[in-house]
Each structure stands twice: as structure tokens, then as C-alpha cells.
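The file target36.txt comes next; it holds compact mmCIF, C-alpha atoms.
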# COMPACT_ATOMS: atom_id res chain seq x y z
CA MET A 282 132.60 114.53 106.69
CA GLU A 283 131.08 113.90 103.29
CA LYS A 284 128.03 111.69 103.39
CA THR A 285 128.65 109.36 100.52
CA LEU A 286 129.65 105.69 100.49
CA ILE A 287 129.81 102.56 98.39
CA GLY A 288 128.16 99.55 100.00
CA LYS A 289 127.17 95.98 99.49
CA LYS A 290 123.65 94.72 100.07
CA LEU A 291 123.77 91.84 102.53
CA GLY A 292 120.09 91.01 102.80
CA MET A 293 116.95 91.90 104.66
CA SER A 294 115.99 91.47 108.29
CA GLN A 295 113.79 93.12 110.85
CA ILE A 296 114.37 95.25 113.93
CA PHE A 297 112.09 95.70 116.92
CA ASP A 298 111.84 99.18 118.36
CA GLU A 299 111.33 99.98 122.05
CA LYS A 300 107.56 99.73 121.68
CA GLY A 301 107.81 96.32 120.08
CA ARG A 302 106.94 97.44 116.58
CA VAL A 303 108.70 95.70 113.73
CA THR A 304 110.68 97.68 111.16
CA PRO A 305 111.71 95.81 107.99
CA VAL A 306 115.32 96.70 107.21
CA THR A 307 117.90 96.11 104.51
CA VAL A 308 121.34 95.41 105.92
CA ILE A 309 124.11 97.07 103.93
CA GLN A 310 127.81 96.72 104.42
CA ALA A 311 128.75 100.36 104.02
CA GLY A 312 132.38 101.13 103.49
CA PRO A 313 135.05 101.61 104.62
CA CYS A 314 135.81 103.50 101.43
CA VAL A 315 139.08 105.10 100.39
CA VAL A 316 139.30 108.30 98.41
CA LEU A 317 141.31 107.42 95.31
CA GLU A 318 141.17 110.70 93.46
CA LYS A 319 139.66 114.12 93.75
CA LYS A 320 138.41 115.75 90.59
CA THR A 321 138.38 119.50 90.41
CA VAL A 322 136.78 122.06 88.15
CA GLU A 323 140.15 123.51 87.14
CA LYS A 324 141.68 120.22 86.07
CA HIS A 325 138.76 117.99 85.09
CA GLY A 326 135.92 120.40 84.45
CA TYR A 327 133.76 119.13 87.31
CA SER A 328 134.20 118.35 90.99
CA ALA A 329 133.84 114.86 92.35
CA VAL A 330 135.55 112.28 94.50
CA GLN A 331 136.44 108.80 93.38
CA LEU A 332 135.91 106.18 96.07
CA GLY A 333 137.17 102.61 96.27
CA PHE A 334 135.43 99.85 98.23
CA GLY A 335 136.15 96.23 99.06
CA GLU A 336 139.23 94.11 98.55
CA ARG A 337 140.69 92.36 95.57
CA LYS A 338 143.83 90.28 95.16
CA ALA A 339 146.67 92.22 93.58
CA LYS A 340 147.11 89.57 90.86
CA ASN A 341 143.56 90.16 89.64
CA VAL A 342 144.00 93.89 89.19
CA SER A 343 145.26 95.43 85.98
CA LYS A 344 148.43 97.49 86.04
CA ALA A 345 146.54 100.60 85.08
CA VAL A 346 144.27 100.36 88.12
CA LYS A 347 147.23 99.47 90.35
CA GLY A 348 149.05 102.57 89.27
CA HIS A 349 145.96 104.68 89.82
CA CYS A 350 145.53 103.31 93.35
CA LYS A 351 149.20 103.89 94.10
CA GLN A 352 148.64 107.62 93.80
CA ALA A 353 146.27 107.36 96.75
CA GLY A 354 148.83 105.36 98.71
CA LEU A 355 147.18 101.96 98.21
CA GLU A 356 149.74 99.22 97.63
CA ASP A 357 148.09 95.91 98.53
CA ASN A 358 144.48 96.47 99.68
CA LEU A 359 143.17 97.12 96.21
CA PRO A 360 139.53 98.07 95.86
CA GLN A 361 136.97 95.75 94.33
CA LYS A 362 134.67 98.53 93.23
CA ILE A 363 135.56 102.06 92.14
CA LYS A 364 132.88 104.70 91.80
CA GLU A 365 132.74 108.44 91.40
CA PHE A 366 130.46 110.78 93.35
CA ARG A 367 129.72 114.37 92.41
CA LEU A 368 130.41 116.62 95.38
CA ASN A 369 130.67 120.29 96.10
CA ALA A 370 133.93 121.95 95.24
CA ASP A 371 134.65 122.75 98.88
CA CYS A 372 134.78 119.10 99.93
CA GLU A 373 137.84 118.46 102.02
CA MET A 374 138.60 114.88 101.09
CA ALA A 375 142.20 114.27 100.10
CA PRO A 376 143.31 111.11 98.26
CA GLY A 377 143.97 108.34 100.81
CA ALA A 378 141.30 109.59 103.24
CA LYS A 379 138.84 107.05 104.57
CA ILE A 380 135.07 107.23 104.94
CA ASP A 381 133.20 104.69 107.01
CA ALA A 382 129.71 104.02 108.28
CA SER A 383 130.09 106.65 111.00
CA ALA A 384 129.30 109.27 108.33
CA PHE A 385 125.66 108.32 108.91
CA SER A 386 123.69 107.98 112.11
CA ALA A 387 120.32 106.55 113.03
CA GLY A 388 117.54 108.91 112.03
CA ASP A 389 119.24 110.21 108.86
CA PHE A 390 117.61 109.92 105.48
CA VAL A 391 119.57 108.49 102.56
CA ASP A 392 119.18 107.90 98.83
CA ILE A 393 120.38 104.50 97.70
CA SER A 394 121.15 103.54 94.10
CA GLY A 395 121.81 100.08 92.77
CA THR A 396 121.30 97.92 89.73
CA MET A 397 117.93 96.18 89.77
CA LYS A 398 117.71 92.45 89.35
CA GLY A 399 117.35 91.67 85.64
CA ARG A 400 114.09 90.09 84.53
CA GLY A 401 114.88 89.79 80.82
CA PHE A 402 112.45 90.57 78.01
CA GLN A 403 109.02 90.74 79.59
CA GLY A 404 105.48 91.35 78.42
CA VAL A 405 103.30 94.22 79.55
CA VAL A 406 101.45 92.26 82.22
CA LYS A 407 104.60 91.64 84.25
CA ARG A 408 106.44 94.79 83.19
CA TYR A 409 103.74 97.41 83.65
CA ASN A 410 101.00 95.55 85.54
CA PHE A 411 98.57 95.67 82.60
CA ARG A 412 95.46 93.73 83.36
CA GLY A 413 95.37 91.44 80.29
CA GLY A 414 92.25 89.77 78.99
CA ARG A 415 89.75 87.35 80.46
CA TYR A 416 90.80 83.70 80.42
CA SER A 417 87.20 82.47 80.50
CA HIS A 418 83.83 83.53 79.05
CA GLY A 419 85.24 83.56 75.50
CA GLY A 420 88.11 85.87 76.44
CA GLY A 421 89.86 85.96 73.09
CA TRP A 422 93.06 87.59 74.37
CA LYS A 423 95.14 86.82 77.42
CA ARG A 424 98.39 88.71 78.09
CA LYS A 425 98.47 91.03 75.08
CA PRO A 426 98.73 94.82 75.48
CA GLY A 427 95.53 95.48 73.49
CA SER A 428 95.17 98.67 71.50
CA ILE A 429 98.25 100.89 71.36
CA GLY A 430 96.63 104.01 69.94
CA GLN A 431 93.77 105.70 68.13
CA CYS A 432 92.96 105.98 64.37
CA GLU A 433 93.61 108.33 61.43
CA PHE A 434 94.50 110.96 63.97
CA PRO A 435 97.23 110.83 65.29
CA ALA A 436 98.13 108.01 62.88
CA ARG A 437 101.15 107.11 64.95
CA VAL A 438 101.99 105.52 68.28
CA TYR A 439 102.80 108.03 71.00
CA LYS A 440 106.33 108.13 72.34
CA GLY A 441 106.79 106.40 75.68
CA LYS A 442 103.93 103.96 75.03
CA LYS A 443 104.28 101.08 77.45
CA MET A 444 105.23 98.00 75.46
CA PRO A 445 107.03 94.70 76.06
CA GLY A 446 110.79 94.93 76.49
CA GLN A 447 113.76 94.53 78.80
CA MET A 448 112.77 94.66 82.46
CA GLY A 449 115.24 95.26 85.24
CA ASN A 450 119.04 95.34 85.07
CA VAL A 451 118.98 99.15 85.12
CA LYS A 452 120.17 101.58 87.77
CA ARG A 453 117.46 102.71 90.14
CA THR A 454 117.57 105.12 93.08
CA ILE A 455 115.31 104.84 96.09
CA GLN A 456 115.00 108.19 97.83
CA ASN A 457 114.49 109.11 101.47
CA LEU A 458 115.21 105.79 103.14
CA LEU A 459 115.38 106.08 106.92
CA VAL A 460 118.58 104.89 108.57
CA VAL A 461 117.43 102.71 111.46
CA LYS A 462 120.71 101.45 112.81
CA VAL A 463 124.42 102.06 112.30
CA SER A 464 127.17 99.81 113.57
CA VAL A 465 130.59 101.33 112.99
CA GLU A 466 132.65 98.34 114.16
CA ASP A 467 130.90 96.01 111.69
CA ASP A 468 130.57 98.74 108.99
CA ILE A 469 126.84 98.12 108.86
CA ILE A 470 123.98 100.44 107.98
CA CYS A 471 120.39 99.24 108.30
CA VAL A 472 117.83 101.21 106.29
CA LYS A 473 114.08 100.89 106.45
CA GLY A 474 112.60 99.20 103.41
CA ALA A 475 113.97 97.61 100.29
CA VAL A 476 116.97 98.53 98.17
CA PRO A 477 117.50 97.70 94.46
CA GLY A 478 119.63 94.74 93.49
CA PRO A 479 120.43 91.22 94.60
CA LYS A 480 122.18 90.18 97.81
CA GLY A 481 125.86 90.93 97.35
CA GLY A 482 125.11 93.67 94.84
CA PHE A 483 126.88 97.01 95.05
CA VAL A 484 124.89 100.07 96.06
CA SER A 485 125.83 103.70 96.46
CA ILE A 486 124.62 105.57 99.51
CA ASN A 487 124.17 109.34 99.56
CA ALA A 488 122.61 111.78 101.96
CA ALA A 489 118.99 112.35 100.92
CA LYS A 490 118.63 115.09 98.32
CA LYS A 491 115.07 116.02 99.14
CA LYS A 492 115.12 116.08 102.95
CA MET F 40 128.32 88.19 104.56
CA ALA F 41 126.18 85.54 106.20
CA ASN F 42 127.99 86.00 109.50
CA ILE F 43 127.04 89.65 109.77
CA MET F 44 123.41 88.87 108.98
CA ASP F 45 123.45 86.19 111.68
CA LYS F 46 124.95 88.65 114.13
CA ILE F 47 122.32 91.31 113.41
CA ASN F 48 119.58 88.74 113.85
CA SER F 49 120.94 86.90 116.89
CA GLU F 50 121.61 90.15 118.76
CA GLN F 51 117.88 90.65 119.02
CA CYS F 52 116.97 87.07 119.86
CA GLY F 53 116.45 86.50 123.55
CA ASP F 54 116.11 83.24 125.47
CA ILE F 55 112.95 81.50 124.42
CA PRO F 56 111.68 78.46 126.34
CA GLU F 57 111.38 75.31 124.30
CA PHE F 58 107.85 74.64 123.16
CA ASN F 59 106.32 72.75 120.31
CA ILE F 60 103.18 72.56 118.25
CA GLY F 61 100.26 71.27 120.31
CA ASP F 62 101.59 72.59 123.62
CA THR F 63 99.32 74.66 125.80
CA VAL F 64 101.08 77.90 126.63
CA THR F 65 100.40 81.12 128.47
CA VAL F 66 101.84 84.12 126.66
CA HIS F 67 102.39 87.19 128.82
CA THR F 68 102.27 90.26 126.62
CA LYS F 69 103.07 93.81 127.57
CA ILE F 70 100.27 96.17 126.73
CA ILE F 71 101.02 99.87 126.56
CA GLU F 72 98.06 102.13 127.27
CA GLY F 73 99.22 105.69 126.98
CA GLU F 74 101.69 106.06 129.82
CA THR F 75 101.03 102.88 131.75
CA GLU F 76 102.12 99.40 130.91
CA ARG F 77 100.49 96.20 132.05
CA ILE F 78 100.83 92.50 131.40
CA GLN F 79 98.08 90.50 129.77
CA ALA F 80 98.06 86.72 129.67
CA PHE F 81 96.77 84.72 126.73
CA LYS F 82 96.41 80.99 127.20
CA GLY F 83 95.84 78.53 124.40
CA ILE F 84 97.19 75.83 122.14
CA VAL F 85 100.12 76.53 119.83
CA ILE F 86 98.80 75.57 116.42
CA ALA F 87 101.63 76.80 114.22
CA ARG F 88 105.17 78.11 114.22
CA SER F 89 106.46 79.76 111.09
CA GLY F 90 109.57 81.57 109.97
CA LEU F 91 113.13 81.26 111.18
CA GLY F 92 115.38 83.25 113.48
CA ILE F 93 114.31 86.79 114.23
CA GLN F 94 111.33 86.50 111.90
CA GLU F 95 109.78 83.50 113.64
CA THR F 96 106.15 83.76 114.76
CA PHE F 97 103.79 81.39 116.55
CA THR F 98 100.02 81.17 116.54
CA VAL F 99 98.07 80.52 119.73
CA ARG F 100 94.43 79.47 119.58
CA ARG F 101 91.95 79.50 122.42
CA VAL F 102 88.22 79.17 122.64
CA ALA F 103 86.73 81.92 124.77
CA PHE F 104 82.97 82.23 125.41
CA GLY F 105 82.25 79.84 122.57
CA ASN F 106 84.29 81.79 120.02
CA GLY F 107 87.59 80.65 118.62
CA MET F 108 90.32 83.26 118.93
CA GLU F 109 93.79 83.21 117.45
CA ARG F 110 96.74 85.48 118.04
CA VAL F 111 100.02 85.50 116.16
CA PHE F 112 103.05 86.59 118.18
CA PRO F 113 106.52 87.38 116.84
CA ILE F 114 108.54 85.05 119.03
CA HIS F 115 111.36 87.53 119.72
CA SER F 116 109.17 90.59 120.17
CA PRO F 117 110.01 92.66 123.25
CA ARG F 118 106.27 92.81 123.88
CA VAL F 119 106.20 89.11 124.61
CA ALA F 120 107.36 89.24 128.21
CA LYS F 121 107.17 85.54 129.02
CA ILE F 122 106.04 82.26 127.51
CA GLU F 123 104.99 79.56 129.98
CA VAL F 124 104.47 75.99 128.85
CA GLU F 125 101.48 74.60 130.77
CA ARG F 126 101.08 71.23 129.10
CA LYS F 127 102.95 69.26 126.47
CA GLY F 128 100.83 68.10 123.58
CA LYS F 129 101.21 64.98 121.47
CA VAL F 130 100.49 65.76 117.84
CA ARG F 131 101.43 64.36 114.46
CA ARG F 132 101.25 67.55 112.41
CA ALA F 133 103.35 70.70 112.24
CA LYS F 134 100.27 72.87 111.72
CA LEU F 135 97.10 72.11 113.66
CA TYR F 136 94.74 74.06 111.42
CA TYR F 137 92.25 71.16 111.53
CA ILE F 138 91.40 72.21 115.08
CA ARG F 139 89.63 75.25 113.69
CA ASP F 140 86.91 73.03 112.27
CA ARG F 141 86.35 71.14 115.51
CA VAL F 142 84.21 72.05 118.47
CA GLY F 143 84.24 70.94 122.08
CA LYS F 144 85.82 67.60 122.97
CA ALA F 145 86.99 66.98 119.42
CA ALA F 146 89.20 70.06 119.57
CA ARG F 147 91.43 68.61 122.27
CA VAL F 148 95.09 67.62 121.90
CA LYS F 149 96.46 64.50 123.62
CA GLU F 150 98.95 65.08 126.39
CA GLN F 151 102.47 63.86 125.91
CA ARG F 152 103.65 61.67 128.79

Mind converting the file's structure to C-alpha cells?
Amino acid sequence: MEKTLIGKKLGMSQIFDEKGRVTPVTVIQAGPCVVLEKKTVEKHGYSAVQLGFGERKAKNVSKAVKGHCKQAGLEDNLPQKIKEFRLNADCEMAPGAKIDASAFSAGDFVDISGTMKGRGFQGVVKRYNFRGGRYSHGGGWKRKPGSIGQCEFPARVYKGKKMPGQMGNVKRTIQNLLVVKVSVEDDIICVKGAVPGPKGGFVSINAAKKK
Amino acid sequence: MANIMDKINSEQCGDIPEFNIGDTVTVHTKIIEGETERIQAFKGIVIARSGLGIQETFTVRRVAFGNGMERVFPIHSPRVAKIEVERKGKVRRAKLYYIRDRVGKAARVKEQR
């Protein structure tokens, strides 16, 4: 079975192991997901599967999406979230097939992507943990970035210089998270550590790339 | 969403005897030394409880050989084998941190009758 799922972050908790040690975990509702479409190199130029997750009332779904889901045999349980995952060409998922939490088991490592909580336009102290200036002893500057470069040479600001700007609300992937617990009847996966995004946010779960 | 979180948390919560701040309790903890396992008792006054559900912890303070000693136990930890309530205390605070500054007779807690 392909190890890829769409999930929903439910929140954080903790789990005691047999020795009484505490593991902080993020609880994720993982799947069940339905394969809506399979993309192939011959037809689309790349290979991937399109998965659907969650439920949405039929009246809230556009006709275009309804028609697309119909091809996979979905008439009423329309997905809330549709997402595509790149997979190898030899993947054996046919449209209409289901993937659930049983694709993973305790002890696996996963990569989890989600959209970070947005923090808005932030200064360098919050955004990049710059130290800022002294508030006392005649400080003179407080939360400013300070110097952003040198002098006549190079006479420009280097690319990638850390400056104030939008913080958060971007996709982030956390790699190599340990799966601590899987409950197939509740469609729950518990992974060690934190996961990007708010409670109720959508995340995509993949088998770890670097393990 | 909340129901599943409750389920995950309550699955791990065992039966905990009722005890309050100011009570004198004996906490029996399992100690693992290599292969063997033994039970150690720690008796003292509960000076704080914090957190909710599976994350709840309580702080027990005792004075041993003239030195104050505090231990924080996760209330639902499998290492906490048993909690015995020895004496009910009568207190007017949720956190008895003031006891840390007191020595001898002043560090007592009234008994609830």
C-alpha cells in the first residue's frame, strides 16, 4: 500500500511508554482517503495520485468537482480536501481505492507538511530571533535590525538578507517524525513532536524520505 | 474532533484517589534499576496540582533531615503505583508555596475534621 495520506491536526497530547516516560505527541486524524484520479506519464506528463479527504455537503460542491468525483465513483460523500501526491509510476492505486491509517504503523518515520500559523508582518526580533538593542544604559535602538551590510564594497545588500516581512502562513514540512501510535478504528495517527498549522488544519503525511 | 482527543487522553487515565491541596499523601513509585523493579514511598504534603487530564501533575513536599524536598509526579504516570491519603488538610490556597519559606511548626497544615 502507498504510504501517503491527507490528515487533519486535532491537537497535542502525551503518551506514557511502558517505562513511564512521557512522549509529547500530535494527534492527527489521518484519512480515510479516496483515490480520485491517477496521473500517468503518458497522459499527464508525470505520475501522481489525487486523494480526497473529509466530507462536504453536496450542495456546497461545485458541479465541476462533483463531476470529477463521479469518475472515482463518489456520488454523495464528497471530499472536503483534494490534494495530489507524486508517486512512482508503478503504484497500484486505482480511482475509488481507499487508504486509511493502517498504511502506517507504530515505529515508522513520516514527513508531515502543513501550512504554518500566520503571524503577519513581523520585525526581525520575532521573525529571525535577532537580539535587538539594549533598553537601558542609553541603548539608542531597541528592535531594529541594525546594519544590513558593509560599505563601498560591495555597495549593495546581499540577497537573502534577513529583514522584516511576512512570517508564517507558508507551507512547511517536518521530516522524520516518529509514529508513536496508530488507531485504525478511529483513523488516528499520533506522531512524536509538533506539526505545522493550527488545530483543525490540513496536513499531508508521507513516508519519511530520508530514513 | 474534541471527542477523539478526549478518548486518547482518557484511555490512559487510571483511577486516581481523590486528594486535595494540603493533604498529606504517600506516593508509591516504581523504580526500575536495570532488571529489577522496586517500590519507593514518598510521604509529604501536596502543595500544588497543575494541568488537566492526562497532563496533570502534583507536587509533594517533605522535610527530610532538615532539608526541604519536593517531587513533581505526573498524576497518570504508570510509575506512580499508588497514592495513599494519610491526612486531610484544611487550607485556603490552591498553591501552598508559602510553606517553602517556613520552618518547623510554622510549616504545618491544619487538619480538616

Original post:
Taking (117.5, 95.8, 85.4) in the file's coordinates, which residues come within 12 Å, counting all atoms listed in the file, written as a ChimeraX atom specification?
Top reply: /A:395-403,408,446-453,477-479

Identify all chain A residues at most 12 Å from chain F by counting all atoms listed in the file; ligands do not count. Present them as a PDB file with C-alpha atoms, keeping the file's coordinate frame.
ATOM      1  CA  LYS A 289     127.170  95.980  99.490  1.00  0.00           C
ATOM      2  CA  LYS A 290     123.650  94.720 100.070  1.00  0.00           C
ATOM      3  CA  LEU A 291     123.770  91.840 102.530  1.00  0.00           C
ATOM      4  CA  GLY A 292     120.090  91.010 102.800  1.00  0.00           C
ATOM      5  CA  MET A 293     116.950  91.900 104.660  1.00  0.00           C
ATOM      6  CA  SER A 294     115.990  91.470 108.290  1.00  0.00           C
ATOM      7  CA  GLN A 295     113.790  93.120 110.850  1.00  0.00           C
ATOM      8  CA  ILE A 296     114.370  95.250 113.930  1.00  0.00           C
ATOM      9  CA  PHE A 297     112.090  95.700 116.920  1.00  0.00           C
ATOM     10  CA  ASP A 298     111.840  99.180 118.360  1.00  0.00           C
ATOM     11  CA  GLU A 299     111.330  99.980 122.050  1.00  0.00           C
ATOM     12  CA  LYS A 300     107.560  99.730 121.680  1.00  0.00           C
ATOM     13  CA  GLY A 301     107.810  96.320 120.080  1.00  0.00           C
ATOM     14  CA  ARG A 302     106.940  97.440 116.580  1.00  0.00           C
ATOM     15  CA  VAL A 303     108.700  95.700 113.730  1.00  0.00           C
ATOM     16  CA  THR A 304     110.680  97.680 111.160  1.00  0.00           C
ATOM     17  CA  PRO A 305     111.710  95.810 107.990  1.00  0.00           C
ATOM     18  CA  VAL A 306     115.320  96.700 107.210  1.00  0.00           C
ATOM     19  CA  THR A 307     117.900  96.110 104.510  1.00  0.00           C
ATOM     20  CA  VAL A 308     121.340  95.410 105.920  1.00  0.00           C
ATOM     21  CA  ILE A 309     124.110  97.070 103.930  1.00  0.00           C
ATOM     22  CA  GLN A 310     127.810  96.720 104.420  1.00  0.00           C
ATOM     23  CA  LYS A 462     120.710 101.450 112.810  1.00  0.00           C
ATOM     24  CA  VAL A 463     124.420 102.060 112.300  1.00  0.00           C
ATOM     25  CA  SER A 464     127.170  99.810 113.570  1.00  0.00           C
ATOM     26  CA  GLU A 466     132.650  98.340 114.160  1.00  0.00           C
ATOM     27  CA  ASP A 467     130.900  96.010 111.690  1.00  0.00           C
ATOM     28  CA  ASP A 468     130.570  98.740 108.990  1.00  0.00           C
ATOM     29  CA  ILE A 469     126.840  98.120 108.860  1.00  0.00           C
ATOM     30  CA  ILE A 470     123.980 100.440 107.980  1.00  0.00           C
ATOM     31  CA  CYS A 471     120.390  99.240 108.300  1.00  0.00           C
ATOM     32  CA  LYS A 480     122.180  90.180  97.810  1.00  0.00           C
ATOM     33  CA  GLY A 481     125.860  90.930  97.350  1.00  0.00           C
ATOM     34  CA  GLY A 482     125.110  93.670  94.840  1.00  0.00           C
TER      35      GLY A 482
END

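One finds atom CA of F:Val111 at 11.7 Å from atom CA of F:Thr68.
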
**OP:** Pick out the closest residue to F:Arg100 from this set: F:Glu150, F:Asp62, F:Asp54, F:Glu72. Count only C-alpha atoms.
**Re:** F:Asp62

Original post:
So what do you get for atom CA of A:Glu323 versus atom CA of A:Asn369, distance-wise?
Top reply: 13.4 Å

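Distance cut-off 12 Å, centre (90.3, 67.5, 120.5), atoms counted only C-alpha atoms; the residues meeting this are Gly61, Ile84, Gly128, Lys129, Val130, Leu135, Tyr137, Ile138, Arg139, Asp140, Arg141, Val142, Gly143, Lys144, Ala145, Ala146, Arg147, Val148, Lys149 and Glu150 of chain F.
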
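Proximity of F:Ala120, F:Glu109, F:Phe104, F:Val99 to F:Arg77, computed with all atoms listed in the file, is greatest for F:Ala120.
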
**OP:** To one decimal in Å, tell me the separation between atom CA of F:Val85 and atom CA of F:Arg101.
**Re:** 9.1 Å

Original post:
Looking at A:Gly288, A:Pro376, A:Gly354, A:Gly421, which one is nearest to A:Ala329, with distances taken over only C-alpha atoms?
Top reply: A:Pro376
